[in-house]
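> Below is the file query00.txt, which contains compact mmCIF, C-alpha atoms.
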```txt
# COMPACT_ATOMS: atom_id res chain seq x y z
CA MET A 152 11.44 15.92 27.04
CA SER A 153 10.82 12.56 25.38
CA GLU A 154 10.29 12.35 21.65
CA ILE A 155 6.71 11.17 22.18
CA THR A 156 5.97 14.12 24.46
CA GLU A 157 7.53 16.46 21.91
CA LEU A 158 5.46 15.04 19.02
CA ALA A 159 2.25 15.19 21.08
CA GLU A 160 2.99 18.77 22.12
CA LYS A 161 3.59 19.83 18.50
CA LEU A 162 0.28 18.28 17.49
CA LYS A 163 -1.50 19.98 20.39
CA ILE A 164 -0.02 23.43 19.70
CA GLU A 165 -0.57 23.21 15.94
CA GLY A 166 -4.14 22.01 16.52
CA GLU A 167 -4.90 24.90 18.85
CA ARG A 168 -3.46 27.35 16.34
CA MET A 169 -5.59 25.89 13.52
CA ALA A 170 -8.74 25.90 15.68
CA ALA A 171 -8.16 29.54 16.62
CA PHE A 172 -7.60 30.49 12.98
CA PHE A 173 -10.73 28.75 11.70
CA SER A 174 -12.87 30.10 14.55
CA GLU A 175 -12.11 33.68 13.43
CA LEU A 176 -13.36 33.23 9.85
CA THR A 177 -16.47 35.03 8.66
CA ASP A 178 -19.31 33.17 6.99
CA GLU A 179 -18.16 34.54 3.63
CA GLN A 180 -14.54 33.46 4.13
CA TRP A 181 -15.56 29.84 4.65
CA LEU A 182 -16.66 29.88 1.00
CA ASP A 183 -13.41 31.32 -0.39
CA GLU A 184 -11.91 28.99 -2.97
CA VAL A 185 -8.52 27.49 -2.12
CA TYR A 186 -8.08 24.84 -4.82
CA THR A 187 -9.69 24.99 -8.26
CA GLU A 188 -8.01 22.14 -10.14
CA GLY A 189 -10.37 19.19 -10.41
CA GLU A 190 -12.91 19.54 -7.61
CA THR A 191 -13.07 23.07 -6.23
CA TRP A 192 -12.23 23.18 -2.54
CA THR A 193 -13.25 26.07 -0.32
CA ILE A 194 -11.78 26.84 3.09
CA ARG A 195 -14.64 24.79 4.53
CA ASN A 196 -13.56 21.82 2.39
CA VAL A 197 -10.00 22.16 3.71
CA LEU A 198 -11.20 21.94 7.31
CA SER A 199 -13.36 18.96 6.38
CA HIS A 200 -10.23 17.39 4.88
CA PHE A 201 -8.31 18.01 8.13
CA VAL A 202 -11.03 16.20 10.09
CA THR A 203 -11.54 13.22 7.82
CA SER A 204 -7.93 12.62 6.85
CA GLU A 205 -6.69 12.79 10.44
CA ARG A 206 -9.47 10.52 11.66
CA GLY A 207 -8.59 7.96 8.97
CA LEU A 208 -4.87 8.27 9.54
CA ILE A 209 -5.09 7.66 13.28
CA ARG A 210 -7.03 4.46 12.55
CA LEU A 211 -4.36 3.50 10.01
CA PHE A 212 -1.53 4.28 12.46
CA GLU A 213 -3.15 2.08 15.09
CA ARG A 214 -3.49 -0.76 12.58
CA ILE A 215 0.19 -0.36 11.66
CA ARG A 216 1.13 -0.29 15.35
CA THR A 217 -0.80 -3.45 16.17
CA THR A 218 -0.53 -5.51 12.97
CA GLY A 219 2.12 -3.90 10.77
CA GLU A 220 -0.47 -3.54 8.01
CA GLY A 221 -0.54 -0.16 6.33
CA ALA A 222 -2.42 1.37 3.42
CA SER A 223 -2.95 -0.93 0.45
CA GLU A 224 -0.88 -0.43 -2.69
CA ASP A 225 -3.98 0.54 -4.67
CA PHE A 226 -5.23 3.10 -2.13
CA SER A 227 -6.29 6.31 -3.88
CA ILE A 228 -5.94 9.50 -1.85
CA ASP A 229 -8.09 11.37 -4.37
CA ARG A 230 -10.90 8.80 -4.19
CA TYR A 231 -10.74 8.75 -0.39
CA ASN A 232 -10.81 12.55 -0.14
CA ALA A 233 -13.75 12.84 -2.54
CA ALA A 234 -15.75 10.24 -0.59
CA GLN A 235 -14.99 11.94 2.71
CA GLN A 236 -16.00 15.36 1.37
CA GLU A 237 -19.32 13.84 0.36
CA LYS A 238 -19.83 12.45 3.88
CA THR A 239 -19.28 15.86 5.51
CA LYS A 240 -21.03 18.12 2.99
CA ASP A 241 -24.06 18.76 5.21
CA LEU A 242 -22.11 19.71 8.33
CA ALA A 243 -22.00 23.36 9.32
CA SER A 244 -18.58 24.99 9.60
CA ALA A 245 -18.96 25.21 13.38
CA GLU A 246 -19.66 21.46 13.54
CA LEU A 247 -16.56 20.74 11.48
CA LEU A 248 -14.50 22.93 13.76
CA GLU A 249 -15.71 21.01 16.82
CA GLN A 250 -14.95 17.73 15.07
CA TYR A 251 -11.47 19.01 14.24
CA LYS A 252 -10.80 19.85 17.89
CA GLN A 253 -12.03 16.40 18.90
CA VAL A 254 -10.05 14.46 16.31
CA ARG A 255 -6.89 16.40 17.10
CA ALA A 256 -7.35 15.72 20.83
CA GLU A 257 -7.72 12.02 19.96
CA ALA A 258 -4.52 12.16 17.88
CA VAL A 259 -2.62 13.78 20.75
CA LYS A 260 -3.94 11.12 23.14
CA TRP A 261 -2.97 8.33 20.71
CA VAL A 262 0.57 9.67 20.31
CA THR A 263 0.94 10.14 24.07
CA GLY A 264 0.05 6.47 24.53
CA LEU A 265 2.86 5.23 22.29
CA LYS A 266 5.98 3.53 23.60
CA ASP A 267 9.31 4.89 22.34
CA GLU A 268 10.07 1.75 20.33
CA GLU A 269 6.71 1.97 18.55
CA LEU A 270 7.87 5.12 16.76
CA ASP A 271 10.08 2.83 14.66
CA ILE A 272 7.33 0.46 13.50
CA LYS A 273 7.14 0.50 9.72
CA GLY A 274 4.05 0.55 7.59
CA ARG A 275 2.71 1.99 4.37
CA HIS A 276 1.41 5.56 4.59
CA PRO A 277 -0.94 6.57 1.73
CA PHE A 278 1.26 9.55 0.77
CA LEU A 279 4.70 8.87 2.24
CA GLY A 280 4.82 5.21 1.25
CA GLU A 281 6.78 2.79 3.45
CA THR A 282 7.97 4.67 6.53
CA VAL A 283 7.96 4.60 10.34
CA ILE A 284 5.21 5.82 12.66
CA ARG A 285 7.44 8.70 13.80
CA GLU A 286 7.42 10.18 10.28
CA MET A 287 3.70 9.55 9.89
CA VAL A 288 2.94 11.50 13.07
CA LYS A 289 5.15 14.39 11.92
CA MET A 290 3.21 14.44 8.66
CA LEU A 291 -0.03 15.07 10.58
CA TYR A 292 1.00 18.59 11.48
CA LEU A 293 3.10 19.25 8.38
CA HIS A 294 0.11 18.30 6.21
CA ASN A 295 -2.10 20.86 7.91
CA GLN A 296 0.59 23.54 7.72
CA LEU A 297 0.86 23.05 3.95
CA HIS A 298 -2.88 23.48 3.47
CA TYR A 299 -2.92 26.40 5.95
CA ARG A 300 -0.41 28.22 3.76
CA ASP A 301 -2.72 27.75 0.77
CA VAL A 302 -5.75 28.91 2.77
CA LYS A 303 -3.89 32.06 3.86
CA ARG A 304 -3.04 32.74 0.21
CA ALA A 305 -6.69 32.36 -0.77
CA LEU A 306 -7.72 34.91 1.87
CA LYS A 307 -5.48 37.66 0.45
```
As structure tokens, how would this structure be written, given the file I've shared?


Amino acid sequence: MSEITELAEKLKIEGERMAAFFSELTDEQWLDEVYTEGETWTIRNVLSHFVTSERGLIRLFERIRTTGEGASEDFSIDRYNAAQQEKTKDLASAELLEQYKQVRAEAVKWVTGLKDEELDIKGRHPFLGETVIREMVKMLYLHNQLHYRDVKRALK
């Protein structure tokens, strides 16, 4: 199995697992608080974050792939996340879940379309800093797994 196929498969499997998890939540659970430092984030906010961050990152990855330009030095993850939460605040949880499935399918398709040598293109990731596309793609599913762990903790 090629590395690209392996990365795409990991994204697909992790995405399906997340979609299944979120689809089982009750209306009350969507409102459970996960993070309380600064802005309070509920489970719904975490799913919104999955959608908006992945959508933005795939656009960034494509820009890095085609131009070598990554995130600017002054990019603020906190500012970006707050703005994106504001944009999705009126969406129902079911709508967010559908958007998550769509954006993850788009990410899998994007990764599948890469050439092996493109995994080594360097650019600036907003969290990882200067790194290669391979590591950025891995961070897509690791990022969600970290938040998933926190969501599971909040549900107990």

> For a quick check of understanding, using all atoms listed in the file, which of A:Ile155, A:Leu176, A:Leu182, A:Val202 has the smallest distance to Glu249 (chain A)?

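Answer, going by the shortest atom-to-atom distance: A:Val202.
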
> Expressed in Å to a single decimal, how great is the separation between CA of Gly189 (chain A) and CA of Leu242 (chain A)?

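One can read the CA of Gly189 (chain A) to CA of Leu242 (chain A) distance as 22.1 Å.
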
> If we count only C-alpha atoms and set the cut-off at 9 Å, which residues sit around Thr156 (chain A), ignoring sequence neighbours fewer than 5 positions away in its own chain? Please answer as a ChimeraX atom specification.

/A:161,262-263

> Report, in Å with one decimal, the straight-line distance from CA of Val259 (chain A) to CA of Arg206 (chain A).

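Between CA of Val259 (chain A) and CA of Arg206 (chain A) the gap is 11.8 Å.
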
> Let me make sure I understand: among A:Leu247, A:Leu306, A:Leu279, A:Met287, which one has the smallest atom-to-atom distance to Ser174 (chain A) if we use all atoms listed in the file?

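Distance minimum relative to Ser174 (chain A) lands on A:Leu247.
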
> Please, can region 256-273 of chain A be completed to N, CA and C atoms and returned as a PDB file, keeping the file's coordinate frame?


```pdb
ATOM      1  N   ALA A 256      -7.541  16.166  19.438  1.00  0.00           N
ATOM      2  CA  ALA A 256      -7.350  15.720  20.830  1.00  0.00           C
ATOM      3  C   ALA A 256      -7.140  14.201  20.860  1.00  0.00           C
ATOM      4  N   GLU A 257      -7.883  13.473  20.042  1.00  0.00           N
ATOM      5  CA  GLU A 257      -7.720  12.020  19.960  1.00  0.00           C
ATOM      6  C   GLU A 257      -6.345  11.655  19.413  1.00  0.00           C
ATOM      7  N   ALA A 258      -5.856  12.418  18.437  1.00  0.00           N
ATOM      8  CA  ALA A 258      -4.520  12.160  17.880  1.00  0.00           C
ATOM      9  C   ALA A 258      -3.447  12.399  18.935  1.00  0.00           C
ATOM     10  N   VAL A 259      -3.580  13.483  19.683  1.00  0.00           N
ATOM     11  CA  VAL A 259      -2.620  13.780  20.750  1.00  0.00           C
ATOM     12  C   VAL A 259      -2.627  12.657  21.780  1.00  0.00           C
ATOM     13  N   LYS A 260      -3.808  12.215  22.160  1.00  0.00           N
ATOM     14  CA  LYS A 260      -3.940  11.120  23.140  1.00  0.00           C
ATOM     15  C   LYS A 260      -3.302   9.846  22.601  1.00  0.00           C
ATOM     16  N   TRP A 261      -3.539   9.537  21.318  1.00  0.00           N
ATOM     17  CA  TRP A 261      -2.970   8.330  20.710  1.00  0.00           C
ATOM     18  C   TRP A 261      -1.447   8.392  20.743  1.00  0.00           C
ATOM     19  N   VAL A 262      -0.893   9.521  20.328  1.00  0.00           N
ATOM     20  CA  VAL A 262       0.570   9.670  20.310  1.00  0.00           C
ATOM     21  C   VAL A 262       1.129   9.561  21.725  1.00  0.00           C
ATOM     22  N   THR A 263       0.474  10.184  22.676  1.00  0.00           N
ATOM     23  CA  THR A 263       0.940  10.140  24.070  1.00  0.00           C
ATOM     24  C   THR A 263       0.976   8.709  24.594  1.00  0.00           C
ATOM     25  N   GLY A 264       0.101   7.859  24.093  1.00  0.00           N
ATOM     26  CA  GLY A 264       0.050   6.470  24.530  1.00  0.00           C
ATOM     27  C   GLY A 264       1.071   5.552  23.886  1.00  0.00           C
ATOM     28  N   LEU A 265       1.840   6.063  22.940  1.00  0.00           N
ATOM     29  CA  LEU A 265       2.860   5.230  22.290  1.00  0.00           C
ATOM     30  C   LEU A 265       4.029   4.939  23.220  1.00  0.00           C
ATOM     31  N   LYS A 266       4.710   3.838  22.954  1.00  0.00           N
ATOM     32  CA  LYS A 266       5.980   3.530  23.600  1.00  0.00           C
ATOM     33  C   LYS A 266       7.075   3.993  22.638  1.00  0.00           C
ATOM     34  N   ASP A 267       8.221   4.377  23.175  1.00  0.00           N
ATOM     35  CA  ASP A 267       9.310   4.890  22.340  1.00  0.00           C
ATOM     36  C   ASP A 267       9.625   3.981  21.156  1.00  0.00           C
ATOM     37  N   GLU A 268       9.693   2.683  21.395  1.00  0.00           N
ATOM     38  CA  GLU A 268      10.070   1.750  20.330  1.00  0.00           C
ATOM     39  C   GLU A 268       9.003   1.659  19.238  1.00  0.00           C
ATOM     40  N   GLU A 269       7.774   2.040  19.548  1.00  0.00           N
ATOM     41  CA  GLU A 269       6.710   1.970  18.550  1.00  0.00           C
ATOM     42  C   GLU A 269       6.851   3.054  17.475  1.00  0.00           C
ATOM     43  N   LEU A 270       7.621   4.080  17.760  1.00  0.00           N
ATOM     44  CA  LEU A 270       7.870   5.120  16.760  1.00  0.00           C
ATOM     45  C   LEU A 270       8.610   4.560  15.548  1.00  0.00           C
ATOM     46  N   ASP A 271       9.287   3.430  15.733  1.00  0.00           N
ATOM     47  CA  ASP A 271      10.080   2.830  14.660  1.00  0.00           C
ATOM     48  C   ASP A 271       9.367   1.722  13.908  1.00  0.00           C
ATOM     49  N   ILE A 272       8.093   1.469  14.234  1.00  0.00           N
ATOM     50  CA  ILE A 272       7.330   0.460  13.500  1.00  0.00           C
ATOM     51  C   ILE A 272       7.059   0.977  12.093  1.00  0.00           C
ATOM     52  N   LYS A 273       7.323   0.113  11.125  1.00  0.00           N
ATOM     53  CA  LYS A 273       7.140   0.500   9.720  1.00  0.00           C
ATOM     54  C   LYS A 273       5.780   0.066   9.200  1.00  0.00           C
TER      55      LYS A 273
END
```
